[in-house]
Structure formats: C-alpha cells, structure tokens
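Novice: Can you read through this structure? Questions will come right after.
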Amino acid sequence: MKRLATALAFATVFAFGIQAASAQTLAAIKSRGELICGANGTLAGFGLPDPQGNWTGFDVDFCRAIAAAIFNDPTKVKFVPLTAKDRFTALQSGEIDVLSRNTTWTLSRDTSLGLDFVAVTYFDGQGFMVRRALKVSSALELNGASVCVQQGTTSELNLADYFRANQMQLKTVTFATGDEARKAYESGRCDSYTTDSSGLYGERQKLAVPGDHIVLPEIISKEPLTPAVRHGDSQWTDIVRWTHFAMVDAEELGVTKANVDDKLKSDDPETRRMLGAEGQYGEALGLTNDWVYRIIKHVGNYGEVFERNVGQGSPLKIVRGLNALWTKGGLQYGPPFR
Amino acid sequence: MADQTQTGARYRRRIAGIAVQVGLVVLIGGLVYAAAYNAAQNLARAHIASGFGFWNNTAGFDISQTLIAYSPATSTFGRAFWVGLLNTLLVAAIGIALASVLGFAVGIARLSRNWLVARLAAGYVEVIRNVPLLLQLLFWYNAVLKSLPDLQGSIALPGGSFLNTRGLFLPRPEFSSGFSAVLAAFFVGVLGAIVLRLWARHRQERTGAEFRIFWPTLALVCGLPLLAFALTGAPLTFSPPQMDRFNVRGGLEILPEFAALTVALTTYTAGFIAEVVRAGVLSVSAGQAEAAHALGLRPGATLRLVIVPQAMRVIIPPLTSQYLNLIKNSSLAVAIGYPDLVQVFTGTVLNITGQAVEVVAITMAVYLTISLFASLLMNLYARTTSVVEH
C-alpha cells in the first residue's frame with residue numbers, strides 16, 4: 001500500500017507539473033525570449049527555409065508578425081518544420097506555441113483535437129496537377145487515374161469523396177510528406193498530384209520543368225487555411241487572432257511598411273487607435289499599445305505579406321481572388337479596432 | 001533440530017522472496033495505472049477526444065492495396081486497421097520466406113571451397129549489413145520506379161502481363177467450381193507423401209534397406225493434382241489485365257511499393273541470416289563430418305543428416321531475432337507509401353481522429369503480439385531440434 005501511495009504521489013506531481021506548463025502561453029514565451037512556431041518547411045511560398053537557413057513564406061511571416069508584436073523583433077521566432085501527420089501532436093504536446101502551417105479548419109479538428117482555430121489567413125481549395133502530355137483538361141476526365149497525395153490531410157479525404165461523388169475509379173498512393181508525394185508524381189508513379197491549389201503552384205516550382213505540368217481548373221473543396229493554438233488559453237488565442245485582423249485592417253486603412261511612421265500622425269481615429277496613438281487596446285491584450293505599429297513596421301500589412309510570398313512579387317504569381325479585401329470583392333474582413 | 005532450523009530459514013527466505021516479487025508487481029501495476037490515469041486526466045483537461053469510439057466511425061480515405069474488401073464510403077477505421085495489419089503480415093510473411101532461402105544460400109556459399117563463390121557471398125554480406133535499411137529501401141524504390149517505363153511504354157511480358165511504373169500486372173486466376181477437386185487431390189497427395197516418408201524411414205530402421213522417395217513424392221504432390229485438373233476439364237482460367245487510358249485494369253496487381261519493400265527487407269535480412277547460418281555450420285565440429293564420411297555417407301547426406309540438424313540448434317535462436325527484426329522493420333514502409341499498419345493506422349487514422357495515445361497503444365500491442373507469436377512458433381520448432389538428453 002505504501003508503494004501504491006508513492007506511485008500515486010508521483011502521478012500527482014506529474015499531473016501538477018503538466019498543468020503549470022499549459023497555462024499562460026504569453027508569459028512562457030516572454031520568459032523564454034522567443035516564439036516557437038510550427039511551420040511547413042517544404043512548401044514554397046508558405047514555409048520553406050532558404051539555403052542559408054532563413055525561413056520565408058506566408059505562414060512564416062504570420063509568426064514573425066506575432067513575434068514583432070510581443071518582442072518588437074520579428075527574428076525572435078524558432079521555426080519547427082512539421083509534416084501534416086505530426087502537426088497536431090506537436091501543438092497538443094506543447095512543443096510549439098502556434099501552428100501556422102497551411103492547415104484547414106474543420107469541425108472535427110476544432111472539437112476533438114483540443115485546439116482552437118483563430119482566423120482564416122488564406123482561403124484555399126483543393127486542385128489537381130497533371131502532366132501536360134496527358135491531354136486532360138478537367139478533373140472529371142481522371143476516371144481510373146492514380147493520384148499521389150500527402151497523408152493526414154483533408155486532401156486525402158476530399159479526394160476519395162470527389163471520385164466517389166462523380167462515380168469515378170481512383171487509385172490513391174499516399175505519402176507521409178508533400179515532398180515524397182511530389183517526387184513520386186514526378187517519377188511517373190501517379191497521373192496526378194493533389195493538394196490545396198496554392199500548394200500546387202508552390203510544388204510546381206520544384207519540378208524539373210514546371211511548364212510541363214498544368215493545374216486543372218476544378219477546385220473540389222473549401223480549404224480555409226487557419227493558424228491554430230491550444231484550447232484553453234483565451235488571452236493567447238486573442239493575440240494570435242488579432243494579429244491577423246490587425247494586418248488586414250492595416251491594409252484596408254492604407255497603412256503599409258513604408259508609410260507607418262507617417263500614419264502615426266494621421267487624423268483618422270481608427271488608424272490612431274490601431275497604431276496605439278490613442279487608447280489602451282494593446283495593453284488589453286497583454287501587449288504594448290504600439291503592437292500593431294511593430295507588426296506593420298517589421299513585417300507589413302496583409303496585402304504586402306501576400307504579394308511578397310505568394311502573389312505578384314513571388315515566383316508563384318497567385319492572384320488575390322478570395323483573399324482580396326472585402327472592399328475589393330474578396331473575403332478578408334477585419335473587425336473594427338474599437 | 002538443526003534440520004528443522006535450516007528448513008525454517010529456507011522457508012522464511014522463500015516467503016521474503018515472494019513478498020518482494022509481489023511488491024514489485026504492485027509497484028509496476030501502480031505506475032502503469034497512474035500513468036494511464038494521468039494521461040486520461042490531461043487529455044480531458046486539454047479537451048482532446050479519448051476512448052475507442054472512433055473504431056466504428058467511417059474512415060473516408062482510400063488505401064492503395066487491400067487484401068480484404070474495403071471502400072472509403074462505408075468502411076470504418078477498424079476495417080482500415082485490419083487492412084493495414086494484413087498488408088504488414090503479407091510483406092512480413094513473404095519477406096521471411098524469401099530472406100530464409102537467400103540467407104541460407106549465401107551463408108552456405110560463404111563456406112564454399114570455391115574461392116569466387118565464397119568471396120562474392122562475403123562481399124554481399126558486408127555491403128548489405130553495413131548500409132542502413134532505410135537507405136536501401138529508398139534505393140530500391142527509386143531504382144524500381146526510375147528504371148521502369150511509363151504506362152504508354154509498358155513492357156509487355158509473355159502471357160498477357162504488363163510491367164510499368166504503376167507495378168506488375170499479371171493475369172488474375174479465376175477458379176471455377178471444379179477446382180476444389182484439384183485442391184483435394186493436392187492435399188491427398190501431400191498426405192500420401194508424408195505417410196510414404198514415415199513408412200520408408202520405418203522400413204529403413206527395421207531392415208536397413210533404403211527406399212528412394214523422391215520420384216514417388218513428386219508423383220503424389222504434383223502428378224495427382226495435375227491428373228485431377230485434367231479430369232475435371234481444366235477448371236482454371238486467367239483474366240488478363242487490360243490497358244486503360246490511365247491505368248491497367250483488372251488482373252493481379254503488384255505495387256512497386258510492395259515490390260521495393262519486399263526486396264529491401266529480403267536482401268537486408270538475408271545478409272544477417274547468412275552470418276547466423278555460417279556460425280551455425282561452423283559450430284559443428286569437423287570431427288562430425290569426418291566421422292560421417294568414415295561411415296560412408298555421401299557429402300549431401302552428411303550435410304542433411306549430420307551437419308544441419310546439429311547446426312540448427314545454434315541457428316534457431318538468432319534466426320528468431322532476425323525474423324522479429326524483419327517484422328518490425330516492415331514499418332519503414334511509411335517512407336515509400338506502402339500501406340502497412342503503421343502507415344495506415346498510426347499515419348492517416350491517427351491524424352484524422354487525433355487520438356495519438358489510443359492509436360499508438362493499439363499499434364504497439366499489435367507488434368508485440370505478432371512478435372511474441374513468431375517467437376513462440378520458433379521456440380516450439382527449436383524444441384524439436386534440441387538435443388535429447390538420455
């Protein structure tokens with residue numbers, strides 16, 4: 001009995017230790033001195049280290065924006081490359097503070113994985129890439145095709161749904177990473193490679209002759225790509241969520257990396273509230289009042305980040321489409337700073 | 001009196017020993033329980049789903065190789081688990097069979113008096129044993145894929161088979177009703193061969209006269225089914241694979257992932273088995289062979305009747321470890337997209353359900369069960385080869 005009591009004491013200590021670690025994410029990040037961000041690591045335009053080891057990409061810049069808001073220094077981020085398969089476990093176990101890795105927000109992920117999705121940073125949809133030589137112009141012509149796909153993604157499930165809904169035969173070949181799936185497609189193992197269409201443009205850049213491959217016009221799913229945090233720390237959830245909204249609102253208000261210092265002296269009340277010239281909005285979040293100024297100064301607004309990483313300023317040349325501001329026919333809409 | 005004290009001391013020592021063991025069991029049990037309880041509490045606190053309710057939910061994803069009926073629309077995660085498990089068992093069973101044959105051949109070859117044969121076998125063992133299995137696996141997968149033509153340039157093999165990057169497509173055998181007679185004839189043949197062998201041995205022990213059983217055995221095992229096959233009017237047809245726009249339809253399909261994994265596991269494990277076999281054969285003292293020769297046994301009979309039975313005693317235990325290694329190494333399938341248990345279950349199922357603790361626990365229990373079962377079979381076999389002490 002004495003031994004059992006000892007064992008239970010061990011367990012209590014262990015349980016208590018875990019509980020202490022999971023609370024107060026912001027305080028933990030501040031005392032650690034850096035943000036730990038789960039990123040893709042192999043996807044051009046979204047998360048990819050260059051040969052010098054500098055991380056670049058749309059999802060990467062989102063983490064840099066959070067670091068800028070907290071530390072006034074966008075370099076205080078440690079990026080952890082994650083496969084689709086491992087990403088949720090890394091977040092659940094506390095290995096990372098935020099998951100910014102082209103992850104689709106779904107009901108089951110939101111409810112059963114112990115995490116919270118914050119705000120859709122990129123509205124995407126799943127597409128198919130095929131060889132030009134295959135002379136296919138629609139995904140509906142892919143009856144009987146072999147398709148390479150990455151494991152543990154919504155793509156894997158949508159693929160099965162789409163072929164089933166259209167009464168087509170499918171041969172799936174599943175790989176643990178997007179890189180492996182793309183290589184298998186390139187070596188001829190599959191007729192088609194499928195993932196989010198933004199990812200297809202990124203992956204196509206890595207093929208030997210990108211021009212030999214086309215992305216088919218069909219978008220077969222809704223893929224709201226959304227950063228996620230652990231469930232249960234509302235303060236941290238708010239910080240991550242409002243980092244995105246701040247960047248969207250900055251674009252809408254015409255605040256850019258170049259003019260942010262001038263805009264501090266702006267007469268527009270919302271701009272003044274956002275940049276911290278008026279009110280205590282940053283402190284309410286647990287940050288400083290100039291937190292948005294820091295984000296825009298170091299990283300830029302939503303439109304700048306988009307164009308630099310995946311838009312016209314990048315090899316991917318993706319058009320804004322659904323990701324344009326709501327004032328320009330898109331879906332990106334930030335709640336007011338008030 | 002002295003005797004009694006001694007018995008009493010021994011008795012007390014025994015009681016103390018049992019008490020320590022019981023205490024240890026309670027401690028380990030308590031720790032396991034505490035860990036499980038703690039994990040459950042933490043999962044609940046973090047709002048992560050737990051329990052085994054996911055087992056009967058619809059899977060919704062496709063699997064490239066299924067030995068049992070499976071459809072993404074209706075099959076459950078539980079069904080996906082069995083599909084993955086059977087794929088693991090398939091590659092493990094074929095790998096063990098092929099690795100044993102190749103390993104024994106290489107091991108014997110390394111002991112050959114022919115210099116070239118012995119050196120080649122030694123070179124094989126050294127190269128294979130000293131390159132990580134994962135690299136070999138990737139080598140075979142890429143070697144297989146890159147060297148094969150695409151669908152349009154498929155290599156047509158005799159008998160309506162095709163070979164291309166999508167795999168090897170063989171005609172699928174279709175059995176009609178009369179085929180059960182052929183199977184029955186085969187079993188009768190095997191049974192007859194066993195009886196014949198027992199009878200021949202018995203006769204040799206009794207009279208010393210040798211009975212050559214090779215040709216009668218062949219006639220029983222192969223001739224009898226062939227005869228039944230002819231009499232029932234050839235109840236077996238082959239449906240050849242058909243070239244389609246994207247793929248080869250119908251027929252029997254061997255995936256390149258499966259081929260690469262089988263080849264990699266076979267060649268790798270064979271390198272270790274070869275060394276085990278060599279050690280086993282060398283453990284039999286030279287005097288045994290000399291004695292057998294002196295008794296007039298031919299070299300083949302010496303190997304079969306004197307050397308191998310004694311070598312097996314030494315070979316079986318390390319051979320068991322190699323078999324277990326092969327079973328566990330099959331989980332490297334995840335690197336090349338072969339849908340084994342780890343790839344399907346701890347890959348896709350874990351990710352969709354998010355229930356890492358349950359899924360990983362089930363998978364570990366499965367590997368443990370498979371390995372313990374394989375171990376049990378090998379131990380039973382080892383018992384038949386062990387020295388009978390008189």
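Identifiers in the structure tokens: chain A, B, ... in order shown; residue index from 1 per chain; ligand index from 1 in order shown.
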Would you give me, as a PyMOL selection string, the residues in range 91-326 of chain B that DSSP reads as alpha helix (DSSP H)?
Specialist: chain B and resi 91-110+115-129+133-147+179-207+214-218+224-231+256-282+286-294+299-302+308-326
Novice: Which residues come within 8 Å of range 128-144 of chain A, counting only C-alpha atoms, excluding same-chain residues fewer than 4 positions away, as a CSV table (one decimal) with N, CA and C atoms, in the first residue's frame?
Specialist:
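Contents of selection00.csv, as written:
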chain,number,residue,atom,x,y,z
A,163,PHE,N,-14.0,11.6,-56.1
A,163,PHE,CA,-14.1,10.5,-57.0
A,163,PHE,C,-15.4,9.7,-56.8
A,166,ASN,N,-18.5,11.5,-58.1
A,166,ASN,CA,-18.6,11.6,-59.6
A,166,ASN,C,-18.5,10.2,-60.2
A,168,MET,N,-16.2,7.9,-60.2
A,168,MET,CA,-15.0,7.6,-60.9
A,168,MET,C,-14.2,6.6,-60.1
A,169,GLN,N,-13.4,5.8,-60.8
A,169,GLN,CA,-12.4,4.9,-60.2
A,169,GLN,C,-11.2,5.7,-59.8
A,170,LEU,N,-10.6,5.3,-58.6
A,170,LEU,CA,-9.5,6.0,-58.1
A,170,LEU,C,-8.4,5.1,-57.6
A,171,LYS,N,-7.1,5.4,-57.8
A,171,LYS,CA,-6.1,4.6,-57.2
A,171,LYS,C,-5.2,5.7,-56.4
A,191,ASP,N,-0.7,9.7,-62.1
A,191,ASP,CA,-1.1,10.6,-63.2
A,191,ASP,C,-1.2,12.0,-62.7
A,192,SER,N,-1.6,12.1,-61.4
A,192,SER,CA,-2.0,13.4,-60.9
A,192,SER,C,-1.4,13.6,-59.5
A,193,TYR,N,-1.2,14.8,-59.1
A,193,TYR,CA,-0.8,15.2,-57.7
A,193,TYR,C,-1.8,16.1,-57.2
A,194,THR,N,-2.4,15.9,-56.0
A,194,THR,CA,-3.4,16.8,-55.5
A,194,THR,C,-3.1,17.3,-54.1
A,195,THR,N,-3.3,18.6,-53.9
A,195,THR,CA,-3.2,19.3,-52.6
A,195,THR,C,-4.0,20.6,-52.8
A,197,SER,N,-4.8,24.3,-53.9
A,197,SER,CA,-4.3,24.8,-55.1
A,197,SER,C,-3.1,25.7,-54.9
A,200,LEU,N,-0.2,23.6,-54.9
A,200,LEU,CA,0.2,23.1,-56.2
A,200,LEU,C,1.1,24.0,-56.9
A,212,ASP,N,5.9,21.8,-68.0
A,212,ASP,CA,5.3,20.5,-68.5
A,212,ASP,C,4.1,20.1,-67.7
A,213,HIS,N,3.7,20.8,-66.7
A,213,HIS,CA,2.6,20.4,-65.8
A,213,HIS,C,1.6,21.5,-65.7
A,214,ILE,N,0.3,21.1,-65.7
A,214,ILE,CA,-0.8,22.1,-65.6
A,214,ILE,C,-1.6,21.8,-64.3
A,215,VAL,N,-2.2,22.9,-63.8
A,215,VAL,CA,-3.2,22.8,-62.7
A,215,VAL,C,-4.6,22.8,-63.3
A,216,LEU,N,-5.4,21.8,-63.0
A,216,LEU,CA,-6.7,21.7,-63.6
A,216,LEU,C,-7.6,22.7,-63.0
A,217,PRO,N,-8.6,23.2,-63.8
A,217,PRO,CA,-9.5,24.3,-63.3
A,217,PRO,C,-10.3,24.0,-62.1
A,218,GLU,N,-10.7,22.7,-61.9
A,218,GLU,CA,-11.6,22.4,-60.8
A,218,GLU,C,-11.0,22.6,-59.4
B,245,ARG,N,-6.9,4.0,-70.2
B,245,ARG,CA,-6.2,5.3,-70.6
B,245,ARG,C,-5.2,5.7,-69.5
B,246,PHE,N,-5.5,5.5,-68.2
B,246,PHE,CA,-4.6,5.9,-67.2
B,246,PHE,C,-3.9,4.7,-66.5
B,247,ASN,N,-4.6,3.6,-66.5
B,247,ASN,CA,-4.0,2.5,-65.7
B,247,ASN,C,-4.3,1.2,-66.4
Novice: Closest to chain B among A:Leu91, A:Ile36, A:Ile96, A:Ile318, using only C-alpha atoms?
Specialist: A:Leu91
Novice: May I ask you to extract the residues of chain B within 7 Å of chain A, using only C-alpha atoms, and to give them as a ChimeraX atom specification?
Specialist: /B:27,30-31,34-35,38,46-49,60-64,72,145-146,150,165-166,246-247,334-337,347-348,351-352,354
Novice: Please return, as a PyMOL selection string, all residues of range 35-255 of chain A that DSSP assigns to strand (DSSP E) on the basis of the backbone.
Specialist: chain A and resi 35-39+48-49+55-56+77-81+98-99+115-117+122-124+126-131+145-150+170-175+192-196+213-215+223-225+228-230
